[in-house]
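Participant: Just passing along the structure, written as C-alpha cells.
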Amino acid sequence: MFLDAEAVTEEKDGEEVRYLSATNATGVGGAGKRARLTGRMNEKITQDGGLLIGSDNIIASLRSTGLSMVTIDTDKGEDMPDNVKPLTDPSRKPPPEGRLVHYDEEIEQAKEVRTETTNTIKTALQDVAEGKEMDVEKVQEAGGVISESILRNVDAMVSLTRIKKHDPYTAMHCMNVCTLVTAMAMHDGTDPGMLPAITTAVLLHDVGKTRVPLEILNKPGRFEPHELQEMRKHGTYSGDIMREDGSFSEEQIAIAEQHHEMMDGSGYPQALEGDSIHYYARLTAVADVYDALTAKRVYKPAMPMYQALLRIHKNKVTEFDEKVVDLFIKTLGLYPVGSLVEMNTGEQAIVYEPNPVDSRKPVVALLTQPNKKPRAAPFIISLAIRSQADGREITKVMDPENIGIDVEEVMADVEQRGERTDRKSRR
Ligand SMILES: [Fe+2]
C-alpha cells in the first residue's frame, strides 16, 4: 500500500525532527495531526513524498501517533484488503482521554507484542550468557514496539504484567518491569519520542544477571553474605555489558546500573541518594520491587497485587521516590486487571478491564451469586454504567491463593464463556 504523504522537517529544542504529513489524515487530537517519524518509519519515507506500508508495524506506528484516517494512493500501491476492519468502531464513543484506541481494540495486539518481545529479550539474555553479541537492533525494535502499544492504549500492556507464568523468570521480569516503567513515563508526560530509548534500557536492566554464577542466581534459599555481594553486582554488570556494546547512551546505561539504588542511600551498588539517582532508574526501582513481590518463586508465594502496592506505599518516603510511587499507583489503578474482588452484594468477581476515568469502577466479571454459589457462566458488567452496576460497588479485595483460584484460568474462562451486555452501551 502507498500512503500519499510528505515529510516535514522542523527544529525542536535545537534538534531536527521529521514529521509525516499525510493527505486527508485526521487524528484523535484534531484534523491535521502529524505523525512523528522515528525508527523504521523515518527510513521508509520516500524522497518524493509518501510512505510504502509493508508491515503491520508501520500501521501500528501510524496509529500510535494519533492518525485515525488516511487516504491511500492506489496508483502507487495496493489498496487495503477487503477484510481489514476500521481502526475504531464508528458506532462507539471515542476512547477515553489519553488513549488512542479502546482497551479491547488493543488487548489482542498487546498480547502478541508481549510474546514477541519477551522472546527477543530471552534470546538476548541467552546470547550474552553464552558470550555472543546480542542483537541490539532487535532489542531496540522491541523497545519501539512496546512503546507503540503503550501509546495506543497503556492499559492493555499494563494489564498483561499480571501474567507471571513464563520461563525463564528473568525475561518475563524484564518485560513486566519495562512495560510498567514505560507506562509510568507515558503518564508522566515524557516526550513520546523518548519512550523507545527508555523502554529498551529497562528491557536490559537485568542483563547483568547473565554474569552472576548460575548457582547463586538460581539459589532457592537465602544468600550467604558473599553470594549477596555477588548478586548485588548485577546492575553494574548490566551497565558494563551495555557500555561494551557501544550502542547505548550514558542515560540508558545509568537507568540499568541504578535500578537497585534507594532514595535513602540504602540501595546498591553505589548507595546513591535522592536526586542523584537517574529519574527513570527511580521508576524502574518501584516497578522492579512490585514485579518481584507479585511473582511466585520456588522459595516464596506470589503476593497479591494490592498487598504489594501497600508494601511499596509504606516505604514511599524511605526507599522510593514519593512522587514516583504515586505515579505508579495511578498507572496501575486501584484494582489492576486480574484482581479478585467482592461486591457489596456478596458476589465475587474478577477485574476484567480497567477504567482509566474512574479506577474504582472497572469492568468486572461476576463469578458467583450473592450466596457465593458459582454462576453458570461469568457475567461481565461495567461498574461505570449505572444500569449494569445496579448499585454494586467493590468492597473487598481477596487473595486468589487463599481461596484456591488460578487467576489466568478464570480470565481465560471469562474470555471464552463470559456473557455481556451490548458492546455499544459500553464506554
Ligand atoms: Fe535487578
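Scheme for the C-alpha cells: letters A, B, ... for chains in order shown; per-chain residue numbers from 1; ligand numbers from 1 in order shown.
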Set out as JSON lines a contact list for range 350-382 of chain A and range 405-415 of chain A with a cut-off of 9 Å, giving each residue of range 350-382 of chain A that qualifies its closest atom pair and distance in Å to one decimal, counting only C-alpha atoms, ordered by chain and rising residue number.
Facilitator:
```
{"residue": "A:Ile350", "atom": "CA", "partner": "A:Met411", "partner_atom": "CA", "distance": 7.9}
{"residue": "A:Tyr352", "atom": "CA", "partner": "A:Met411", "partner_atom": "CA", "distance": 7.4}
{"residue": "A:Ala365", "atom": "CA", "partner": "A:Val414", "partner_atom": "CA", "distance": 7.0}
{"residue": "A:Leu367", "atom": "CA", "partner": "A:Val414", "partner_atom": "CA", "distance": 8.9}
{"residue": "A:Ala377", "atom": "CA", "partner": "A:Val414", "partner_atom": "CA", "distance": 7.9}
{"residue": "A:Pro378", "atom": "CA", "partner": "A:Val414", "partner_atom": "CA", "distance": 5.8}
{"residue": "A:Phe379", "atom": "CA", "partner": "A:Val414", "partner_atom": "CA", "distance": 8.0}
{"residue": "A:Ile380", "atom": "CA", "partner": "A:Val414", "partner_atom": "CA", "distance": 8.1}
```
Participant: Can you pull out every residue within 9 Å of range 184-200 of chain A, counting only C-alpha atoms, but drop anything in the same chain fewer than 3 positions away, and send it as a PyMOL selection string?
Facilitator: chain A and resi 36+38+98+139-148+150-151+154+178-181+203-205+248-249+251-252+255+280+283+324+327-328+330-332
Participant: Of the residues A:Met157, A:Ile241, A:Val341, A:Val286, which is the one nearest to ligand 1, using only C-alpha atoms and all ligand atoms?
Facilitator: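 Of all the options, A:Val286 lies closest to ligand 1.
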Participant: Using only C-alpha atoms and all ligand atoms, find each protein or nucleic acid residue lying at most 10 Å from ligand 1; present the set as a VMD selection string.
Facilitator: chain A and resid 170 173 to 174 177 204 to 209 231 to 235 238 256 to 260 284 to 285 288 to 289 292
Participant: Would you mind exporting C-alpha atoms of the selected residues as an mmCIF file, in the first residue's frame?
Facilitator:
```cif
data_model
loop_
_atom_site.group_PDB
_atom_site.id
_atom_site.type_symbol
_atom_site.label_atom_id
_atom_site.label_comp_id
_atom_site.auth_asym_id
_atom_site.auth_seq_id
_atom_site.Cartn_x
_atom_site.Cartn_y
_atom_site.Cartn_z
ATOM 1 C CA THR A 170 14.391 -13.027 34.135
ATOM 2 C CA HIS A 173 10.506 -9.932 34.720
ATOM 3 C CA CYS A 174 12.395 -7.630 32.289
ATOM 4 C CA VAL A 177 9.225 -4.024 34.539
ATOM 5 C CA LEU A 204 18.014 -4.704 29.560
ATOM 6 C CA HIS A 205 18.113 -3.636 33.217
ATOM 7 C CA ASP A 206 18.860 -7.171 34.455
ATOM 8 C CA VAL A 207 21.066 -8.309 31.547
ATOM 9 C CA GLY A 208 23.954 -8.235 34.064
ATOM 10 C CA LYS A 209 22.447 -11.260 35.808
ATOM 11 C CA MET A 231 24.232 -10.835 43.266
ATOM 12 C CA ARG A 232 24.310 -7.118 44.036
ATOM 13 C CA LYS A 233 26.842 -6.562 41.273
ATOM 14 C CA HIS A 234 24.313 -7.366 38.538
ATOM 15 C CA GLY A 235 23.318 -3.709 37.982
ATOM 16 C CA SER A 238 24.262 -4.600 33.126
ATOM 17 C CA ALA A 256 20.127 -0.085 34.134
ATOM 18 C CA GLU A 257 23.021 0.469 36.533
ATOM 19 C CA GLN A 258 20.997 2.313 39.153
ATOM 20 C CA HIS A 259 17.788 0.268 39.273
ATOM 21 C CA HIS A 260 18.517 -1.038 42.805
ATOM 22 C CA THR A 284 12.457 1.150 37.467
ATOM 23 C CA ALA A 285 13.149 0.567 41.192
ATOM 24 C CA ASP A 288 11.121 -3.932 39.857
ATOM 25 C CA VAL A 289 10.127 -4.427 43.513
ATOM 26 C CA ALA A 292 9.331 -9.336 42.242
#
```
Participant: Can you pull out every residue within 12 Å of Lys300 in chain A, counting only C-alpha atoms, but drop anything in the same chain fewer than 5 positions away, and send it as a PyMOL selection string?
Facilitator: chain A and resi 220-222+292-295
Participant: Write a file of the selected residues as a tab-separated table (two decimals), in the first residue's frame, keeping N, CA and C atoms.
Facilitator:
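New file part_17.tsv:
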```tsv
chain	number	residue	atom	x	y	z
A	220	PRO	N	17.59	-21.25	45.67
A	220	PRO	CA	16.22	-21.06	46.17
A	220	PRO	C	16.15	-20.41	47.56
A	221	GLY	N	17.15	-20.56	48.36
A	221	GLY	CA	17.08	-20.04	49.74
A	221	GLY	C	17.73	-18.69	49.91
A	222	ARG	N	18.05	-18.35	51.15
A	222	ARG	CA	18.70	-17.07	51.45
A	222	ARG	C	20.15	-17.10	50.99
A	292	ALA	N	8.70	-8.25	41.47
A	292	ALA	CA	9.33	-9.34	42.24
A	292	ALA	C	8.39	-9.81	43.36
A	293	LEU	N	7.72	-8.86	44.04
A	293	LEU	CA	6.81	-9.24	45.13
A	293	LEU	C	5.63	-10.06	44.61
A	294	THR	N	5.09	-9.69	43.46
A	294	THR	CA	3.88	-10.34	42.95
A	294	THR	C	4.16	-11.63	42.16
A	295	ALA	N	5.44	-11.95	42.00
A	295	ALA	CA	5.80	-13.19	41.28
A	295	ALA	C	5.91	-14.35	42.25
```
Participant: Name the residues in contact with Pro362 in chain A at a cut-off of 8 Å, using only C-alpha atoms, excluding same-chain residues fewer than 5 positions from it; report them as a list in words.
Facilitator: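 Surrounding residues, per the criterion: Tyr335, Val351, Tyr352, Glu353, Pro354, Asn355, Ser382, Leu383 and Ala384 of chain A.
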